[in-house]
$ cat target.txt   # compact mmCIF, C-alpha atoms
# COMPACT_ATOMS: atom_id res chain seq x y z
CA MET A 77 -161.54 36.00 52.34
CA GLU A 78 -160.14 33.26 50.21
CA LEU A 79 -160.43 32.75 46.47
CA HIS A 80 -163.30 30.24 46.46
CA SER A 81 -165.65 32.48 48.40
CA LEU A 82 -164.76 35.52 46.32
CA LEU A 83 -165.42 33.58 43.12
CA PHE A 84 -168.72 32.34 44.52
CA LEU A 85 -169.83 35.87 45.40
CA ALA A 86 -168.89 37.15 41.94
CA PHE A 87 -170.75 34.36 40.12
CA ALA A 88 -173.77 34.69 42.41
CA ALA A 89 -173.97 38.46 41.94
CA VAL A 90 -173.78 38.27 38.14
CA ALA A 91 -176.29 35.41 38.01
CA LEU A 92 -178.82 37.21 40.21
CA ILE A 93 -178.48 40.55 38.41
CA ALA A 94 -178.89 38.81 35.06
CA ALA A 95 -181.94 36.93 36.38
CA VAL A 96 -183.56 40.22 37.44
CA LEU A 97 -182.75 41.73 34.04
CA VAL A 98 -184.49 38.74 32.39
CA LEU A 99 -187.69 39.98 33.99
CA LEU A 100 -187.13 43.68 33.36
CA SER A 101 -185.96 43.83 29.76
CA ARG A 102 -188.51 44.93 27.22
CA ASN A 103 -187.18 42.87 24.32
CA PRO A 104 -187.61 39.07 24.65
CA VAL A 105 -184.32 38.50 22.79
CA HIS A 106 -182.51 40.46 25.51
CA SER A 107 -184.30 38.34 28.09
CA VAL A 108 -183.01 35.16 26.47
CA LEU A 109 -179.46 36.52 26.39
CA PHE A 110 -179.58 37.57 30.05
CA MET A 111 -180.88 34.09 30.81
CA LEU A 112 -177.79 32.72 29.01
CA LEU A 113 -175.61 34.82 31.35
CA THR A 114 -177.43 33.39 34.39
CA PHE A 115 -177.00 29.83 33.18
CA VAL A 116 -173.29 30.23 32.45
CA ASN A 117 -172.72 31.65 35.92
CA VAL A 118 -174.67 28.81 37.51
CA ALA A 119 -172.48 26.41 35.53
CA ALA A 120 -169.41 28.10 36.99
CA MET A 121 -170.94 27.59 40.40
CA PHE A 122 -171.28 23.87 39.67
CA VAL A 123 -167.55 23.80 38.92
CA LEU A 124 -166.92 25.37 42.33
CA LEU A 125 -169.02 22.56 43.81
CA GLN A 126 -166.81 19.99 42.03
CA ALA A 127 -169.71 18.83 39.88
CA GLU A 128 -167.88 19.07 36.56
CA PHE A 129 -170.24 16.85 34.59
CA ILE A 130 -173.28 18.85 35.72
CA ALA A 131 -171.49 22.06 34.71
CA VAL A 132 -170.83 20.68 31.24
CA ILE A 133 -174.39 19.51 30.64
CA GLN A 134 -175.67 22.79 32.06
CA ILE A 135 -173.73 24.59 29.30
CA LEU A 136 -174.56 22.03 26.60
CA VAL A 137 -178.23 21.38 27.32
CA TYR A 138 -179.42 24.62 28.88
CA SER A 139 -177.32 27.22 27.13
CA GLY A 140 -176.78 25.22 23.98
CA ALA A 141 -180.11 23.55 23.32
CA ILE A 142 -182.92 25.03 25.40
CA LEU A 143 -181.97 28.69 24.98
CA VAL A 144 -181.45 28.27 21.24
CA LEU A 145 -184.96 26.78 21.14
CA PHE A 146 -186.22 29.82 23.05
CA LEU A 147 -184.45 32.16 20.61
CA PHE A 148 -186.05 30.34 17.67
CA VAL A 149 -189.51 30.73 19.18
CA VAL A 150 -188.89 34.42 20.00
CA MET A 151 -187.95 35.00 16.36
CA LEU A 152 -190.99 33.04 15.15
CA LEU A 153 -193.40 34.93 17.41
CA ALA A 154 -192.00 38.44 16.98
CA GLY A 155 -193.95 39.15 13.82
CA GLY A 156 -195.01 42.82 13.92
CA GLU A 157 -197.17 42.79 17.01
CA ARG A 158 -197.69 45.60 19.47
CA PRO A 159 -195.18 45.69 22.31
CA LEU A 160 -196.42 44.43 25.65
CA PRO A 161 -195.96 46.45 28.83
CA VAL A 162 -192.98 45.10 30.74
CA LEU A 163 -194.89 44.64 33.97
CA ASN A 164 -198.42 43.59 34.69
CA GLN A 165 -201.07 45.90 36.15
CA PRO A 166 -199.52 47.92 39.00
CA LEU A 167 -201.60 46.22 41.67
CA GLN A 168 -200.64 42.73 40.52
CA ALA A 169 -196.97 43.69 40.10
CA ARG A 170 -196.86 45.10 43.63
CA ALA A 171 -198.57 42.02 45.04
CA ALA A 172 -196.10 39.80 43.17
CA VAL A 173 -193.10 41.66 44.61
CA ILE A 174 -194.56 41.30 48.10
CA VAL A 175 -195.10 37.58 47.53
CA GLY A 176 -191.49 37.30 46.34
CA LEU A 177 -190.13 39.13 49.40
CA VAL A 178 -192.18 36.95 51.75
CA LEU A 179 -190.90 33.84 49.96
CA VAL A 180 -187.26 34.99 50.19
CA SER A 181 -187.53 35.79 53.89
CA GLU A 182 -189.24 32.47 54.60
CA LEU A 183 -186.56 30.49 52.78
CA ALA A 184 -183.74 32.52 54.34
CA LEU A 185 -185.27 31.97 57.77
CA VAL A 186 -185.42 28.22 57.19
CA VAL A 187 -181.83 28.09 55.93
CA LEU A 188 -180.38 30.27 58.67
CA THR A 189 -182.24 28.90 61.67
CA SER A 190 -182.26 25.16 61.00
CA THR A 191 -179.27 22.88 61.10
CA VAL A 192 -179.12 22.29 57.38
CA GLY A 193 -176.90 19.54 56.13
CA GLY A 194 -176.46 17.91 59.49
CA GLY A 195 -177.55 14.51 58.18
CA ARG A 196 -175.69 11.28 57.71
CA ARG A 197 -172.68 11.41 55.38
CA GLY A 198 -172.91 9.55 52.10
CA PRO A 199 -170.33 7.18 50.68
CA ASP A 200 -169.01 9.48 47.94
CA SER A 201 -166.28 11.46 49.65
CA PRO A 202 -163.84 13.37 47.40
CA GLU A 203 -161.18 10.67 48.03
CA ARG A 204 -163.55 7.89 46.92
CA ILE A 205 -164.50 9.85 43.80
CA ALA A 206 -160.83 10.43 43.00
CA ALA A 207 -160.13 6.71 43.52
CA VAL A 208 -162.84 5.76 40.99
CA GLY A 209 -161.30 8.13 38.45
CA GLY A 210 -163.14 11.43 38.84
CA ASN A 211 -166.57 12.99 38.92
CA ILE A 212 -167.76 11.72 35.55
CA GLU A 213 -166.69 8.11 36.19
CA ALA A 214 -168.29 8.01 39.64
CA LEU A 215 -171.48 9.65 38.41
CA GLY A 216 -171.75 7.35 35.40
CA ARG A 217 -171.20 4.28 37.54
CA GLN A 218 -174.07 5.32 39.81
CA LEU A 219 -176.30 6.38 36.92
CA TYR A 220 -175.97 3.04 35.12
CA THR A 221 -176.38 0.87 38.20
CA THR A 222 -178.55 2.46 40.89
CA TRP A 223 -180.54 4.72 38.58
CA LEU A 224 -180.71 2.51 35.49
CA LEU A 225 -184.51 2.20 35.35
CA PRO A 226 -185.17 5.97 35.81
CA PHE A 227 -182.52 6.57 33.15
CA GLU A 228 -184.38 4.38 30.64
CA ILE A 229 -187.70 6.01 31.56
CA ALA A 230 -186.12 9.44 31.00
CA SER A 231 -184.99 8.38 27.52
CA VAL A 232 -188.54 7.27 26.65
CA LEU A 233 -189.84 10.58 28.03
CA LEU A 234 -187.46 12.49 25.75
CA LEU A 235 -188.61 10.49 22.73
CA VAL A 236 -192.27 11.16 23.53
CA ALA A 237 -191.53 14.85 24.10
CA ALA A 238 -189.74 15.11 20.74
CA VAL A 239 -192.64 13.48 18.89
CA GLY A 240 -195.15 15.64 20.78
CA ALA A 241 -193.25 18.84 20.06
CA ILE A 242 -193.14 18.06 16.33
CA TYR A 243 -196.87 17.36 16.32
CA LEU A 244 -197.70 20.53 18.29
CA ALA A 245 -195.57 22.79 16.13
CA LYS A 246 -197.13 21.55 12.89
CA GLU A 247 -198.92 24.22 10.88
CA ASP A 248 -202.32 22.55 10.53
CA LEU A 249 -203.12 21.84 14.15
CA MET B 117 -162.30 25.32 51.76
CA SER B 118 -165.26 26.28 49.61
CA PRO B 119 -168.01 28.63 50.77
CA PRO B 120 -170.43 27.16 53.33
CA LEU B 121 -173.60 25.34 52.33
CA GLU B 122 -175.80 28.19 53.54
CA TRP B 123 -174.45 30.58 50.90
CA TYR B 124 -175.47 28.21 48.12
CA LEU B 125 -178.89 27.69 49.68
CA ILE B 126 -179.48 31.44 50.02
CA PHE B 127 -178.42 31.94 46.40
CA SER B 128 -180.76 29.15 45.35
CA ALA B 129 -183.62 30.71 47.34
CA LEU B 130 -183.02 34.12 45.75
CA LEU B 131 -182.91 32.68 42.23
CA PHE B 132 -186.07 30.67 42.88
CA SER B 133 -187.89 33.74 44.21
CA ILE B 134 -186.86 35.78 41.18
CA GLY B 135 -188.42 33.04 39.07
CA VAL B 136 -191.64 33.15 41.11
CA VAL B 137 -191.86 36.93 40.81
CA GLY B 138 -191.21 36.62 37.09
CA VAL B 139 -194.13 34.25 36.64
CA LEU B 140 -196.37 36.68 38.53
CA VAL B 141 -195.36 40.06 37.10
CA ARG B 142 -194.85 39.42 33.40
CA ARG B 143 -197.55 38.92 30.77
CA HIS B 144 -195.35 37.69 27.91
CA VAL B 145 -195.89 33.94 27.78
CA LEU B 146 -192.24 33.24 26.84
CA ILE B 147 -190.86 35.24 29.76
CA ILE B 148 -193.16 33.32 32.11
CA PHE B 149 -191.82 30.09 30.65
CA MET B 150 -188.23 31.29 31.09
CA SER B 151 -188.96 32.11 34.73
CA VAL B 152 -190.04 28.50 35.24
CA GLU B 153 -186.67 27.42 33.84
CA LEU B 154 -184.97 29.78 36.31
CA MET B 155 -186.79 28.07 39.17
CA LEU B 156 -185.69 24.64 37.93
CA ASN B 157 -182.09 25.87 37.82
CA ALA B 158 -182.30 27.20 41.38
CA CYS B 159 -183.41 23.75 42.53
CA ASN B 160 -180.43 22.22 40.72
CA VAL B 161 -178.02 24.46 42.64
CA ALA B 162 -179.56 23.40 45.95
CA LEU B 163 -179.41 19.70 45.00
CA VAL B 164 -175.75 19.82 43.99
CA ALA B 165 -174.80 21.88 47.06
CA PHE B 166 -176.49 19.42 49.42
CA GLY B 167 -174.87 16.50 47.63
CA ARG B 168 -171.44 18.07 47.94
CA HIS B 169 -171.98 18.88 51.58
CA LEU B 170 -173.16 15.36 52.45
CA ASP B 171 -170.57 13.50 50.32
CA SER B 172 -173.21 11.99 48.08
CA LEU B 173 -173.52 11.82 44.30
CA THR B 174 -177.27 11.20 44.42
CA GLY B 175 -177.95 14.94 44.26
CA GLN B 176 -175.98 15.21 41.03
CA ASN B 177 -177.85 12.23 39.59
CA PHE B 178 -181.12 14.00 40.41
CA VAL B 179 -179.86 17.06 38.56
CA VAL B 180 -179.19 14.94 35.48
CA PHE B 181 -182.84 13.85 35.51
CA VAL B 182 -184.09 17.37 36.24
CA ILE B 183 -182.20 18.69 33.22
CA THR B 184 -183.59 15.86 31.07
CA VAL B 185 -187.15 16.64 32.12
CA ALA B 186 -186.52 20.37 31.67
CA ALA B 187 -185.41 19.76 28.09
CA ALA B 188 -188.53 17.67 27.38
CA GLU B 189 -190.72 20.27 29.03
CA ALA B 190 -189.12 23.10 27.05
CA ALA B 191 -189.68 21.28 23.75
CA VAL B 192 -193.34 20.51 24.45
CA GLY B 193 -194.01 23.89 26.10
CA LEU B 194 -192.56 25.87 23.22
CA GLY B 195 -194.60 23.75 20.81
CA ILE B 196 -197.74 24.62 22.78
CA ILE B 197 -196.77 28.31 22.83
CA LEU B 198 -196.25 28.27 19.05
CA ALA B 199 -199.63 26.60 18.48
CA LEU B 200 -201.33 29.01 20.89
CA ALA B 201 -199.74 32.09 19.33
CA ARG B 202 -200.79 30.86 15.90
CA HIS B 203 -204.34 30.27 17.12
CA LYS B 204 -204.88 33.50 19.12
CA ASP B 205 -202.29 35.75 17.41
CA THR B 206 -201.01 37.11 20.73
CA VAL B 207 -198.35 36.33 23.33
CA ASP B 208 -200.19 38.09 26.16
CA VAL B 209 -201.40 35.55 28.73
CA SER B 210 -204.21 37.87 29.89
CA GLU B 211 -205.74 37.61 26.41
CA MET B 212 -205.75 33.82 26.42
CA ASP B 213 -209.23 33.36 27.88
CA ILE B 214 -210.98 31.01 25.47
CA LEU B 215 -212.29 28.87 28.31
CA LYS B 216 -213.95 31.88 29.95
CA GLN B 217 -216.46 32.39 27.14
$ encode --input "target.txt" --output "structure tokens"
Amino acid sequence: MELHSLLFLAFAAVALIAAVLVLLSRNPVHSVLFMLLTFVNVAAMFVLLQAEFIAVIQILVYSGAILVLFLFVVMLLAGGERPLPVLNQPLQARAAVIVGLVLVSELALVVLTSTVGGGRRGPDSPERIAAVGGNIEALGRQLYTTWLLPFEIASVLLLVAAVGAIYLAKEDL
Amino acid sequence: MSPPLEWYLIFSALLFSIGVVGVLVRRHVLIIFMSVELMLNACNVALVAFGRHLDSLTGQNFVVFVITVAAAEAAVGLGIILALARHKDTVDVSEMDILKQ
């Protein structure tokens, strides 16, 4: 087996184990740190997929901003309260695991039996991307031409979310 | 040659299902919220893998927007969680039943 596949398997294994540990750890701070491990491994997977820009913003936005926000909130909430049980009531936990297994087998069935990815090829072959100057240049060109209006809407959404978050987190709500 | 598309899709399905199970089995509101983020990330992997397979950058552009919306959602969601925890003094979702009474 060649290097790419081995690397993929290693990243996938670590990401999945860390994702399971997010659910199983008793301390929310540990959950956040396991989540960080998952996100870093997914970022490595984006590098394998030659999506360098996505990998960088995965690290910057997810690991850098969102998880730090989560850590802040964990610290703010963890003020001398009784510890919660890790899992829900046994019946609900068992039902949830069954639902998860059914979901996995359904998705695996769809992926393995259908001809996924057999569609029409797009214009952005690796040679074209290299001719434009790389992943970031090609992506930016498309983002600021084809997707300009959604981009502006997304910026307004972020502004509204920032204002809303400040209002919600105020003491005297 | 990189690993086939199916491997990425199976990984994405597994990560998504772990997120679903997390939403269902945990009672800590923050862990539930983190499981939602896991599901969003699984979708991102599938989008980028499809885009790579089909020689298209549109999938990566979608991921940029998904990450933007995820950041906005995390900021607002954590604000709501803070306000809720301040109001009810608990992080257990089974105790948040004000509408029931």
$ closest_atom_pairs --input "target.txt" --of "chain B" --to "chain A" --cutoff "6 Å" --atoms "all atoms listed in the file" --output "tab-separated table"
residue	atom	partner	partner_atom	distance
B:Ser118	CA	A:His80	CA	5.4
B:Pro119	CA	A:Ser81	CA	5.1
B:Ser133	CA	A:Gly176	CA	5.5
B:Val137	CA	A:Gly176	CA	5.6
B:Gly138	CA	A:Leu99	CA	5.8
B:Leu140	CA	A:Ala172	CA	5.6
B:Val141	CA	A:Ala169	CA	5.0
B:Arg142	CA	A:Leu163	CA	5.3
B:Leu170	CA	A:Arg197	CA	4.9
B:Asp171	CA	A:Ser201	CA	4.8
B:Ser172	CA	A:Gly198	CA	4.7
B:Ala188	CA	A:Ala237	CA	5.3
B:Ala191	CA	A:Ala241	CA	5.7
B:Val192	CA	A:Ala241	CA	4.7
B:Gly195	CA	A:Ala245	CA	4.9
$ closest_residue --input "target.txt" --among "B:Leu130, B:Gly167, B:Gly135, B:Leu194" --to "A:Leu147" --atoms "all atoms listed in the file"
B:Leu194
$ residues_around --input "target.txt" --residues "B:Ser210" --least-positions-apart "3" --cutoff "10 Å" --atoms "only C-alpha atoms" --output "JSON, numbers by chain"
{"A": [164], "B": [143, 144, 145, 206, 207, 213]}
$ closest_residue --input "target.txt" --among "A:Ser139, A:Val90, A:Arg217, A:Leu113" --to "B:Thr174" --atoms "all atoms listed in the file"
A:Arg217
$ atom_distance --input "target.txt" --atom1 "atom CA of B:Trp123" --atom2 "atom CA of A:Phe87"
12.0 Å
$ closest_residue --input "target.txt" --among "B:Met212, B:Leu173, B:Thr184, B:Val139" --to "B:Met155" --atoms "only C-alpha atoms"
B:Val139
$ closest_residue --input "target.txt" --among "B:Gln217, B:Ser151, B:Asn160, B:Ser128" --to "B:Gln176" --atoms "all atoms listed in the file"
B:Asn160
$ atom_distance --input "target.txt" --atom1 "atom CA of B:Glu153" --atom2 "atom CA of A:Gly140"
14.1 Å
$ closest_residue --input "target.txt" --among "A:Ala131, A:Ala207, A:Val232, A:Leu97" --to "A:Val116" --atoms "all atoms listed in the file"
A:Ala131
$ closest_residue --input "target.txt" --among "B:Phe127, B:Leu156, B:Asn177, B:Ile148" --to "A:Thr221" --atoms "only C-alpha atoms"
B:Asn177
$ atom_distance --input "target.txt" --atom1 "atom CA of B:Leu121" --atom2 "atom CA of A:Glu128"
17.9 Å
$ axis_aligned_box --input "target.txt" --around "stretch 218-221 of chain A" --padding-each-side "5 Å" --output "lines of an AutoDock Vina configuration file"
center_x = -175.2
center_y = 3.6
center_z = 37.5
size_x = 12.3
size_y = 15.5
size_z = 14.7
